[in-house]
Amino acid sequence: MKKHEFTRFRDERIDFHGLRKNAVINLLEVGCTENQVGAICNMSAQIVQHYGREVALRSLAKDAMKLMEARWSEIEPAAFRNKNAM
């Protein structure tokens with residue numbers, strides 16, 4: 001890190017650990033499997049899962065919202081259906 005080539009990294013306080021974590025998150029968000037990400041980033045499955053926990057939760061939440069939107073007419077509360085009832 002003391003070499004001239006790394007001046008920007010030092011000046012901007014960029015560390016390689018953060019770059020690898022961001023790479024894991026980005027790869028998972030575009031649909032790569034955990035095994036693919038591990039191979040690309042040279043990380044164990046456990047570390048990929050650890051870094052990807054937030055991505056997995058966001059993905060689950062998006063899927064749940066899509067499901068609710070698709071089936072809203074089946075579960076829509078009566079108060080929303082009957083707007084003229086009041």
# chains A, B, ... in the order shown; residues from 1 in each chain; ligands from 1
>>> select_by_dssp(residues="chain A", states="helix (DSSP H, G or I)", output="ChimeraX atom specification")
/A:4-11,16-29,34-41,45-70,72-75,78-81,83-85
>>> residues_around(residues="range 15-21 of chain A", least_positions_apart="6", cutoff="10 Å", atoms="only C-alpha atoms", output="ChimeraX atom specification")
/A:1,9,27,41-43,47-48,50-52
>>> write_last_selection(atoms="N, CA, C and O atoms", output="PDB file, in the first residue's frame")
ATOM      1  N   MET A   1       0.811  -1.198   0.000  1.00  0.00           N
ATOM      2  CA  MET A   1       0.000   0.000   0.000  1.00  0.00           C
ATOM      3  C   MET A   1       0.859   1.269   0.000  1.00  0.00           C
ATOM      4  O   MET A   1       0.342   2.335  -0.215  1.00  0.00           O
ATOM      5  N   PHE A   9      -5.890   5.259  -3.322  1.00  0.00           N
ATOM      6  CA  PHE A   9      -6.534   4.460  -2.278  1.00  0.00           C
ATOM      7  C   PHE A   9      -6.245   5.045  -0.891  1.00  0.00           C
ATOM      8  O   PHE A   9      -7.131   5.126  -0.051  1.00  0.00           O
ATOM      9  N   LEU A  27     -22.708  -8.416  -6.937  1.00  0.00           N
ATOM     10  CA  LEU A  27     -22.859  -9.666  -7.682  1.00  0.00           C
ATOM     11  C   LEU A  27     -24.128 -10.412  -7.270  1.00  0.00           C
ATOM     12  O   LEU A  27     -24.845 -10.952  -8.119  1.00  0.00           O
ATOM     13  N   CYS A  41     -14.793 -13.822  -5.956  1.00  0.00           N
ATOM     14  CA  CYS A  41     -14.153 -13.001  -4.912  1.00  0.00           C
ATOM     15  C   CYS A  41     -13.187 -13.784  -4.029  1.00  0.00           C
ATOM     16  O   CYS A  41     -12.593 -13.213  -3.115  1.00  0.00           O
ATOM     17  N   ASN A  42     -13.072 -15.079  -4.299  1.00  0.00           N
ATOM     18  CA  ASN A  42     -12.204 -15.945  -3.504  1.00  0.00           C
ATOM     19  C   ASN A  42     -12.571 -15.876  -2.026  1.00  0.00           C
ATOM     20  O   ASN A  42     -11.727 -15.591  -1.170  1.00  0.00           O
ATOM     21  N   MET A  43     -13.848 -16.106  -1.734  1.00  0.00           N
ATOM     22  CA  MET A  43     -14.355 -16.078  -0.364  1.00  0.00           C
ATOM     23  C   MET A  43     -15.077 -17.375  -0.062  1.00  0.00           C
ATOM     24  O   MET A  43     -15.626 -18.008  -0.959  1.00  0.00           O
ATOM     25  N   ILE A  47     -18.733 -16.514   4.411  1.00  0.00           N
ATOM     26  CA  ILE A  47     -18.513 -15.072   4.322  1.00  0.00           C
ATOM     27  C   ILE A  47     -19.452 -14.460   3.291  1.00  0.00           C
ATOM     28  O   ILE A  47     -20.033 -13.399   3.514  1.00  0.00           O
ATOM     29  N   VAL A  48     -19.630 -15.131   2.159  1.00  0.00           N
ATOM     30  CA  VAL A  48     -20.566 -14.635   1.137  1.00  0.00           C
ATOM     31  C   VAL A  48     -21.970 -14.551   1.725  1.00  0.00           C
ATOM     32  O   VAL A  48     -22.673 -13.557   1.538  1.00  0.00           O
ATOM     33  N   HIS A  50     -22.743 -14.214   4.864  1.00  0.00           N
ATOM     34  CA  HIS A  50     -22.740 -13.143   5.861  1.00  0.00           C
ATOM     35  C   HIS A  50     -22.912 -11.777   5.187  1.00  0.00           C
ATOM     36  O   HIS A  50     -23.748 -10.974   5.595  1.00  0.00           O
ATOM     37  N   TYR A  51     -22.108 -11.517   4.166  1.00  0.00           N
ATOM     38  CA  TYR A  51     -22.199 -10.236   3.465  1.00  0.00           C
ATOM     39  C   TYR A  51     -23.515 -10.113   2.695  1.00  0.00           C
ATOM     40  O   TYR A  51     -24.023  -9.016   2.502  1.00  0.00           O
ATOM     41  N   GLY A  52     -24.033 -11.226   2.254  1.00  0.00           N
ATOM     42  CA  GLY A  52     -25.243 -11.212   1.431  1.00  0.00           C
ATOM     43  C   GLY A  52     -26.541 -11.237   2.208  1.00  0.00           C
ATOM     44  O   GLY A  52     -27.620 -11.184   1.621  1.00  0.00           O
TER      45      GLY A  52
END
